[in-house]
>>> print(open('query-v4.cif').read())   # mmCIF, C-alpha atoms
data_query
#
loop_
_atom_site.group_PDB
_atom_site.id
_atom_site.type_symbol
_atom_site.label_atom_id
_atom_site.label_comp_id
_atom_site.auth_asym_id
_atom_site.auth_seq_id
_atom_site.Cartn_x
_atom_site.Cartn_y
_atom_site.Cartn_z
ATOM 1 C CA MET A 190 20.654 -7.425 4.141
ATOM 2 C CA ALA A 191 17.533 -9.471 4.689
ATOM 3 C CA GLN A 192 14.137 -9.063 3.089
ATOM 4 C CA VAL A 193 11.557 -7.485 5.386
ATOM 5 C CA GLU A 194 7.853 -8.187 4.858
ATOM 6 C CA ALA A 195 4.621 -6.727 6.245
ATOM 7 C CA THR A 196 1.244 -8.259 5.377
ATOM 8 C CA THR A 197 -2.254 -7.151 6.360
ATOM 9 C CA GLU A 198 -5.660 -8.344 5.211
ATOM 10 C CA ARG A 199 -9.297 -7.390 5.620
ATOM 11 C CA ILE A 200 -12.711 -8.624 4.497
ATOM 12 C CA VAL A 201 -14.652 -5.777 2.881
ATOM 13 C CA ALA A 202 -18.432 -5.755 2.429
ATOM 14 C CA ALA A 203 -18.299 -4.899 -1.282
ATOM 15 C CA ASP A 204 -17.696 -6.991 -4.392
ATOM 16 C CA ALA A 205 -14.108 -7.534 -5.548
ATOM 17 C CA GLU A 206 -14.467 -5.451 -8.715
ATOM 18 C CA THR A 207 -15.703 -2.405 -6.779
ATOM 19 C CA VAL A 208 -12.878 -2.715 -4.240
ATOM 20 C CA PHE A 209 -10.207 -3.208 -6.899
ATOM 21 C CA ASP A 210 -11.474 -0.246 -8.930
ATOM 22 C CA ALA A 211 -11.326 1.959 -5.808
ATOM 23 C CA LEU A 212 -7.742 0.854 -5.046
ATOM 24 C CA ALA A 213 -6.674 1.432 -8.655
ATOM 25 C CA ASP A 214 -8.229 4.938 -8.704
ATOM 26 C CA TYR A 215 -5.056 6.866 -7.867
ATOM 27 C CA SER A 216 -6.530 10.135 -9.144
ATOM 28 C CA GLY A 217 -9.473 9.968 -6.718
ATOM 29 C CA THR A 218 -10.273 7.282 -4.178
ATOM 30 C CA ARG A 219 -6.718 6.252 -3.293
ATOM 31 C CA GLU A 220 -5.712 9.682 -2.019
ATOM 32 C CA ARG A 221 -8.906 9.886 0.091
ATOM 33 C CA VAL A 222 -8.244 6.577 1.872
ATOM 34 C CA LEU A 223 -4.639 7.309 2.860
ATOM 35 C CA PRO A 224 -4.146 8.061 6.580
ATOM 36 C CA GLU A 225 -2.077 10.914 8.041
ATOM 37 C CA GLN A 226 1.224 9.016 7.603
ATOM 38 C CA TYR A 227 1.055 9.893 3.891
ATOM 39 C CA SER A 228 1.840 13.384 2.578
ATOM 40 C CA GLU A 229 2.763 15.200 -0.639
ATOM 41 C CA TYR A 230 0.517 12.896 -2.695
ATOM 42 C CA GLU A 231 0.777 13.522 -6.432
ATOM 43 C CA VAL A 232 -0.215 11.516 -9.505
ATOM 44 C CA ARG A 233 2.509 12.179 -12.079
ATOM 45 C CA GLU A 234 1.334 9.888 -14.897
ATOM 46 C CA GLY A 235 -1.878 8.001 -15.571
ATOM 47 C CA GLY A 236 -4.100 7.787 -12.532
ATOM 48 C CA ASP A 237 -6.021 4.549 -13.028
ATOM 49 C CA GLY A 238 -4.147 1.309 -12.357
ATOM 50 C CA GLU A 239 -1.525 0.045 -14.810
ATOM 51 C CA GLY A 240 0.830 2.741 -16.027
ATOM 52 C CA THR A 241 0.250 5.102 -13.110
ATOM 53 C CA LEU A 242 3.238 6.889 -11.592
ATOM 54 C CA VAL A 243 2.400 8.260 -8.147
ATOM 55 C CA HIS A 244 4.470 10.078 -5.531
ATOM 56 C CA TRP A 245 3.993 10.334 -1.784
ATOM 57 C CA LYS A 246 5.967 10.595 1.406
ATOM 58 C CA LEU A 247 5.328 7.884 3.967
ATOM 59 C CA GLN A 248 6.172 8.725 7.561
ATOM 60 C CA ALA A 249 6.584 5.267 9.060
ATOM 61 C CA THR A 250 7.892 6.560 12.413
ATOM 62 C CA SER A 251 8.569 9.962 13.946
ATOM 63 C CA LYS A 252 12.096 9.825 12.495
ATOM 64 C CA ARG A 253 11.661 7.703 9.351
ATOM 65 C CA VAL A 254 10.158 9.251 6.209
ATOM 66 C CA ARG A 255 10.299 7.464 2.858
ATOM 67 C CA ASP A 256 10.100 9.537 -0.319
ATOM 68 C CA CYS A 257 8.252 7.131 -2.649
ATOM 69 C CA LEU A 258 7.870 7.295 -6.425
ATOM 70 C CA LEU A 259 5.777 4.292 -7.373
ATOM 71 C CA GLU A 260 5.230 2.624 -10.736
ATOM 72 C CA VAL A 261 1.937 0.733 -10.829
ATOM 73 C CA THR A 262 1.406 -2.516 -12.737
ATOM 74 C CA GLU A 263 -1.443 -5.023 -12.883
ATOM 75 C CA PRO A 264 0.289 -8.377 -13.427
ATOM 76 C CA SER A 265 -2.949 -10.368 -13.027
ATOM 77 C CA ASP A 266 -6.680 -9.866 -12.413
ATOM 78 C CA GLY A 267 -7.313 -8.358 -9.000
ATOM 79 C CA GLU A 268 -3.658 -7.526 -8.399
ATOM 80 C CA LEU A 269 -1.930 -4.124 -8.205
ATOM 81 C CA VAL A 270 1.831 -3.889 -7.727
ATOM 82 C CA GLU A 271 3.531 -0.638 -6.682
ATOM 83 C CA LYS A 272 7.318 -0.621 -7.183
ATOM 84 C CA ASP A 273 9.226 2.242 -5.609
ATOM 85 C CA ARG A 274 11.810 3.786 -7.955
ATOM 86 C CA ASN A 275 13.634 5.231 -4.910
ATOM 87 C CA SER A 276 14.151 1.985 -2.964
ATOM 88 C CA SER A 277 13.670 -1.786 -2.989
ATOM 89 C CA MET A 278 10.127 -1.435 -1.613
ATOM 90 C CA VAL A 279 7.350 -3.285 -3.453
ATOM 91 C CA THR A 280 3.717 -3.286 -2.324
ATOM 92 C CA THR A 281 1.262 -5.821 -3.746
ATOM 93 C CA TRP A 282 -2.507 -5.466 -3.334
ATOM 94 C CA ARG A 283 -4.614 -8.577 -4.036
ATOM 95 C CA VAL A 284 -8.407 -8.404 -4.134
ATOM 96 C CA THR A 285 -10.380 -11.672 -4.347
ATOM 97 C CA PRO A 286 -14.055 -12.566 -3.892
ATOM 98 C CA ALA A 287 -14.944 -13.718 -0.362
ATOM 99 C CA GLY A 288 -18.581 -14.699 -0.695
ATOM 100 C CA GLU A 289 -21.697 -12.840 -1.761
ATOM 101 C CA GLY A 290 -20.951 -9.110 -2.018
ATOM 102 C CA ARG A 291 -17.714 -9.435 -0.063
ATOM 103 C CA SER A 292 -14.040 -9.427 -0.918
ATOM 104 C CA ARG A 293 -10.717 -10.146 0.731
ATOM 105 C CA VAL A 294 -7.988 -7.538 0.368
ATOM 106 C CA VAL A 295 -4.425 -8.611 1.159
ATOM 107 C CA VAL A 296 -1.621 -6.039 1.068
ATOM 108 C CA THR A 297 2.021 -7.124 1.311
ATOM 109 C CA THR A 298 5.032 -4.825 1.322
ATOM 110 C CA THR A 299 8.586 -6.145 1.011
ATOM 111 C CA TRP A 300 11.962 -4.409 0.964
ATOM 112 C CA GLN A 301 15.616 -5.146 1.528
ATOM 113 C CA GLY A 302 16.337 -4.302 5.152
ATOM 114 C CA ALA A 303 19.519 -3.050 6.724
ATOM 115 C CA GLY A 304 22.188 -5.357 8.101
ATOM 116 C CA GLY A 305 23.566 -5.567 11.619
ATOM 117 C CA ILE A 306 21.782 -4.482 14.777
ATOM 118 C CA GLY A 307 19.825 -1.791 12.902
ATOM 119 C CA GLY A 308 18.548 -4.481 10.564
ATOM 120 C CA PHE A 309 17.506 -6.630 13.517
ATOM 121 C CA PHE A 310 15.358 -3.805 14.886
ATOM 122 C CA GLU A 311 13.990 -3.035 11.422
ATOM 123 C CA ARG A 312 12.963 -6.672 10.865
ATOM 124 C CA THR A 313 11.462 -6.802 14.349
ATOM 125 C CA PHE A 314 9.491 -3.551 14.476
ATOM 126 C CA ALA A 315 8.978 -2.174 10.951
ATOM 127 C CA PRO A 316 6.513 -4.889 9.833
ATOM 128 C CA LYS A 317 4.253 -4.192 12.827
ATOM 129 C CA GLY A 318 4.314 -0.445 12.213
ATOM 130 C CA LEU A 319 3.644 -0.795 8.506
ATOM 131 C CA ALA A 320 0.875 -3.326 9.203
ATOM 132 C CA ARG A 321 -0.852 -0.688 11.398
ATOM 133 C CA ILE A 322 -0.593 1.851 8.556
ATOM 134 C CA HIS A 323 -1.936 -0.678 6.023
ATOM 135 C CA ASP A 324 -4.758 -1.572 8.407
ATOM 136 C CA ALA A 325 -5.744 2.111 8.546
ATOM 137 C CA VAL A 326 -5.748 2.268 4.723
ATOM 138 C CA LEU A 327 -7.927 -0.857 4.543
ATOM 139 C CA ALA A 328 -10.353 0.495 7.164
ATOM 140 C CA ARG A 329 -10.732 3.742 5.232
ATOM 141 C CA LEU A 330 -11.072 1.817 1.940
ATOM 142 C CA ALA A 331 -13.824 -0.322 3.485
ATOM 143 C CA ALA A 332 -15.653 2.783 4.729
ATOM 144 C CA GLU A 333 -15.379 4.296 1.224
ATOM 145 C CA VAL A 334 -16.723 1.304 -0.757
ATOM 146 C CA GLU A 335 -19.297 0.105 1.792
ATOM 147 C CA LYS A 336 -21.252 3.417 1.562
#
>>> encode(input="query-v4.cif", output="structure tokens")
Amino acid sequence: MAQVEATTERIVAADAETVFDALADYSGTRERVLPEQYSEYEVREGGDGEGTLVHWKLQATSKRVRDCLLEVTEPSDGELVEKDRNSSMVTTWRVTPAGEGRSRVVVTTTWQGAGGIGGFFERTFAPKGLARIHDAVLARLAAEVEK
């Protein structure tokens, strides 16, 4: 099994604190910025950053649906980490200043991929598909905080 990684980034026309607060707002903003690949969204504990436990289903492809139960931590300023209790998947969101009234958001998801030929296809295609989903989240986040 090899580690699979998908990374996407975007410059957002809002300060880093505003963007981070929106990302960490699991009881409000986060659900609004998720695209149609996400369903059954539910905050089970907390709702604002560290200590949040959130559930959703992520339909990565027409046949692949992940049932995710994510524990949220904030290991450092501007960083949210979502660890899935149901798999090896970990998503890290980093928000840093990128000039006056702008910020850079980088989202990276890693997981242990399958072995064999299935693993080859997963390592080849899954990062691109997940990057498209992350890009949609970042576009919707930008639209939300740039109002």
>>> residues_around(input="query-v4.cif", residues="region 295-298 of chain A", least_positions_apart="6", cutoff="9 Å", atoms="all atoms listed in the file", output="list in words")
Val193, Glu194, Ala195, Thr196, Thr197, Glu198, Arg199, Ile200, Met278, Val279, Thr280, Thr281, Trp282, Arg283, Val284, Thr285, Pro316, Leu319, Ala320, His323 and Leu327 of chain A
>>> atom_distance(input="query-v4.cif", atom1="CA of Glu268 (chain A)", atom2="CA of Glu229 (chain A)")
24.9 Å
>>> closest_residue(input="query-v4.cif", among="A:Lys252, A:Lys246, A:Glu239, A:Arg219", to="Ser265 (chain A)", atoms="only C-alpha atoms")
A:Glu239
>>> atom_distance(input="query-v4.cif", atom1="CA of Ser292 (chain A)", atom2="CA of Asp324 (chain A)")
15.3 Å
>>> closest_residue(input="query-v4.cif", among="A:Ile322, A:Ala328, A:Val294, A:Leu242", to="Glu271 (chain A)", atoms="only C-alpha atoms")
A:Leu242
>>> closest_residue(input="query-v4.cif", among="A:Gly240, A:Ser251, A:Val334, A:Pro224", to="Phe209 (chain A)", atoms="all atoms listed in the file")
A:Val334
>>> resolve_selection(input="query-v4.cif", expression="the PyMOL selection byres ((chain A and resi 225) around 12)", output="number ranges by chain")
A: 220-224, 226-230, 245-250, 322-323, 325-326, 329
>>> closest_residue(input="query-v4.cif", among="A:Val208, A:Leu269, A:Ala191, A:Cys257", to="Ala287 (chain A)", atoms="all atoms listed in the file")
A:Val208
>>> atom_distance(input="query-v4.cif", atom1="CA of Ala211 (chain A)", atom2="CA of Leu330 (chain A)")
7.8 Å
>>> residues_around(input="query-v4.cif", residues="Glu234 (chain A)", least_positions_apart="2", cutoff="10 Å", atoms="all atoms listed in the file", output="PDB file with C-alpha atoms, in the frame of the given file")
ATOM      1  CA  TYR A 215      -5.056   6.866  -7.867  1.00  0.00           C
ATOM      2  CA  SER A 216      -6.530  10.135  -9.144  1.00  0.00           C
ATOM      3  CA  GLU A 231       0.777  13.522  -6.432  1.00  0.00           C
ATOM      4  CA  VAL A 232      -0.215  11.516  -9.505  1.00  0.00           C
ATOM      5  CA  GLY A 236      -4.100   7.787 -12.532  1.00  0.00           C
ATOM      6  CA  ASP A 237      -6.021   4.549 -13.028  1.00  0.00           C
ATOM      7  CA  GLY A 240       0.830   2.741 -16.027  1.00  0.00           C
ATOM      8  CA  THR A 241       0.250   5.102 -13.110  1.00  0.00           C
ATOM      9  CA  LEU A 242       3.238   6.889 -11.592  1.00  0.00           C
ATOM     10  CA  VAL A 243       2.400   8.260  -8.147  1.00  0.00           C
ATOM     11  CA  HIS A 244       4.470  10.078  -5.531  1.00  0.00           C
ATOM     12  CA  GLU A 260       5.230   2.624 -10.736  1.00  0.00           C
TER      13      GLU A 260
END
